[in-house]
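Asks: Handing you this structure, nothing more for now.
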Amino acid sequence: MAATLRLGRQGVIFGRKLSSISKFLWTTHSLQEQSRTFFQSPWLLGVAPVKVQMPALSPTMEEGNLVKWLKKEGEEVAAGDALCEIETDKAVVTMESNDDGILAKILVEEGSRNVPLGTLIAVMVEEGQDWKQVEIPPPEAITPAATAPTPAAAPVVTPVSVAPPPKPATSGPLRLSPAARHILDTHGLDPKSATPTGPRGLITKEDALNLLKTSPVPKAAPAAIASTTPQTAAVSAPPPPGSRPNIPPMSVPGKPGAPGTFTELPASNVRRVIAQRLTQSKTTIPHAYASVDCDMAAVMQLRKDLAKEQIKVSVNDFIIKAAAVALKEIPEVNVTWSDNGPRALDSIHISIAVATERGLITPIIKDAANKGVQEISSNAKTLAQKARDGKLLPEEYQGGSFSISNLGMFGISGFSAVINPPQACILAVGTSRTELTLSEDEQSMRTQQLMTVTLSSDGRLVDDELASRFLDKFRTNLEKPQRMVVA
């Protein structure tokens with residue numbers, strides 16, 4: 001009995017100790033959970049960001065200019081909302097948000113230029129999170145450019161004695177070739193120091209170059225010389241007559257530029273892309289040219305008739321329609337060149353060149369062959385205005401199959417345009433002119449309203465015979481505009 005009581009008492013004591021240990025372990029576990037929650041809280045670590053990067057808004061875009069932010073920090077953003085305006089190599093495009101959330105931090109300010117693709121321009125947070133506690137990602141590692149070496153003490157250069165050039169063997173007046181005289185005058189060298197090797201003591205171009213190699217490099221003139229009179233400025237000696245500086249002097253803002261000065265002009269993204277594409281076109285595409293005169297009398301009369309019915313269309317609208325119908329009749333011209341060779345197009349989209357402050361851009365009139373002249377006119381006016389305002393969408397200037405450039409309104413009689421790759425052709429249109437010609441019976445004279453157009457074609461895709469057939473169809477469409485309705 002005593003043993004049983006003793007064992008029961010020990011069991012109760014052991015149970016109390018076990019309960020105490022459990023409470024201690026539970027308290028320790030709770031502290032660990034609280035600590036983990038504390039150290040993982042947004043207050044300490046920050047809110048995970050949603051990255052907003054510089055997008056590729058056109059196929060040829062490599063960098064962009066951030067024109068304007070349309071949302072402010074702390075403002076709610078829904079998917080599809082306009083975030084900012086970005087100037088691409090073609091136009092100013094509105095960038096839309098892909099996610100819902102709050103704009104937490106703007107990392108690239110308005111007016112920033114030449115921002116590379118993929119650059120982090122802003123961060124967002126998800127709905128319900130504290131945008132002020134957003135965690136800003138560290139900047140991406142950039143391959144360090146070759147740093148300039150730390151300037152060290154200038155090494156001591158041992159002077160090398162240069163033997164004086166031999167004197168000319170002949171006496172009397174010096175005889176110099178034109179090239180030698182130009183070299184010696186340009187570099188300010190004394191002709192008497194040259195050794196003539198030409199016939200009868202003539203100093204040749206090679207003699208002048210040899211003297212130039214052996215002559216020491218002229219030292220720079222001292223910046224200023226101490227003078228007792230403070231009002232007297234140091235005046236450099238005038239250059240020798242006939243000499244010219246090797247490098248044009250820099251121009252000073254606000255002062256008239258001296259001869260040979262220049263001013264660096266910043267190039268926009270559009271200008272740089274235009275330069276690249278023009279160079280690519282003229283160096284990789286074999287251009288062929290063909291011109292034809294079109295009688296515009298029927299088009300002019302039709303415009304007058306339509307104006308009486310309050311329908312206003314331009315000559316350029318008829319040109320667009322005539323080119324589209326000609327492409328429909330001769331689909332071999334409606335092609336582009338790809339890396340794998342020719343590619344026939346199913347649609348006829350006409351690109352029209354529009355001049356803007358940023359440069360030329362070619363908005364597209366889609367499916368022009370199936371549209372009327374009045375609808376083409378309306379589309380052309382809308383696209384031209386959007387192009388000048390920089391509001392064209394990428395799908396409004398990408399994917400054309402044929403280009404038209406019209407300089408007739410500037411009085412240009414005729415010109416040749418550069419093909420817009422990957423297209424195969426571009427039509428250059430001049431102004432119309434009145435000419436007096438013989439009538440068909442050759443017995444009387446009549447006036448004609450002629451307009452010259454020049455087709456620039458890719459010789460790999462459109463040969464001369466095909467270009468001639470296209471121009472013949474185009475001219476017929478303008479001289480008989482009624483056939484464009486049924487074509």
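Within each chain, counting starts at residue 1; across the structure tokens, chains are named A, B, ... in the order shown, with ligands numbered 1 upward in that order.
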Applying 10 Å and only C-alpha atoms, which residues near range 338-350 of chain A remain after dropping the ones on its own chain fewer than 5 positions away? List them as a PyMOL selection string.
Replies: chain A and resi 320-321+323-325+327-328+331-333+362-370+398-404+421-424+426+460-461
Asks: Export C-alpha atoms of the chosen residues as a compact mmCIF listing (two decimals), in the first residue's frame?
Replies:
```txt
# COMPACT_ATOMS: atom_id res chain seq x y z
CA ILE A 320 -3.95 56.36 -103.85
CA LYS A 321 -7.01 54.70 -105.33
CA ALA A 323 -2.25 52.72 -107.25
CA ALA A 324 -4.32 50.32 -105.13
CA VAL A 325 -6.41 49.21 -108.12
CA LEU A 327 -1.79 46.52 -107.49
CA LYS A 328 -5.00 44.50 -107.50
CA PRO A 331 -0.49 41.36 -107.87
CA GLU A 332 3.11 40.51 -108.82
CA VAL A 333 4.06 44.04 -107.70
CA THR A 362 4.24 56.63 -93.43
CA PRO A 363 0.77 55.95 -92.00
CA ILE A 364 -1.18 53.22 -93.77
CA ILE A 365 -4.53 53.24 -95.54
CA LYS A 366 -5.56 49.63 -95.18
CA ASP A 367 -7.44 47.70 -97.84
CA ALA A 368 -7.35 50.73 -100.12
CA ALA A 369 -8.43 48.82 -103.24
CA ASN A 370 -11.85 48.10 -101.73
CA GLN A 398 3.39 49.18 -89.70
CA GLY A 399 2.73 46.60 -92.40
CA GLY A 400 2.32 48.63 -95.59
CA SER A 401 2.79 46.95 -98.97
CA PHE A 402 3.31 49.97 -101.28
CA SER A 403 4.36 53.57 -100.61
CA ILE A 404 3.41 56.89 -102.23
CA PRO A 421 12.11 48.19 -96.96
CA PRO A 422 10.83 45.49 -96.96
CA GLN A 423 8.45 46.94 -99.59
CA ALA A 424 9.25 46.49 -103.27
CA ILE A 426 7.53 53.51 -103.93
CA ARG A 460 15.15 41.65 -107.20
CA LEU A 461 11.34 41.59 -107.21
```
Asks: Can you list every residue in range 277-427 of chain A that DSSP puts in helix (DSSP H, G or I), as a PyMOL selection string?
Replies: chain A and resi 277-284+297-308+315-329+331-333+368-370+373-389+394-396+408-410
Asks: Quick check, in Å to one decimal: how far apart do CA of Val67 in chain A and CA of Gly111 in chain A lie?
Replies: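 Separating CA of Val67 in chain A from CA of Gly111 in chain A is a distance of 5.2 Å.
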Asks: With a distance cut-off of 9 Å and only C-alpha atoms, select the neighbouring residues of range 271-288 of chain A, excluding the residue or stretch itself and same-chain residues fewer than 4 positions from it, and output the selection as number ranges by chain.
Replies: A: 60-61, 89-90, 267, 358-360, 418-422, 455-460, 462-464
Asks: Report, in Å to a single decimal, how far apart CA of Ser416 in chain A and CA of Gln482 in chain A are.
Replies: 28.6 Å
Asks: Taking the DSSP secondary structure from the backbone, can you list the residues of range 42-114 of chain A that are strand (DSSP E or B), as number ranges by chain?
Replies: A: 47, 50-53, 63-69, 76-77, 82-87, 92-96, 101-106
Asks: Quick one: residues within 10 Å of Val299 in chain A, only C-alpha atoms counted, chain neighbours fewer than 5 positions away excluded, as a PyMOL selection string?
Replies: chain A and resi 304-305+314-315+318-319+449+477-482
Asks: Provide the CA of Pro116 in chain A to CA of Pro139 in chain A distance in Å, to one decimal place.
Replies: 13.5 Å
Asks: May I have the residues within 12 Å of Gly411 in chain A as a list in words, using only C-alpha atoms and disregarding those fewer than 4 positions away in the same chain?
Replies: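 Listing them by chain and then by number gives Asn406, Leu407, Phe415, Val429, Gly430, Thr431, Ser432, Arg433, Met451 and Thr452 of chain A.
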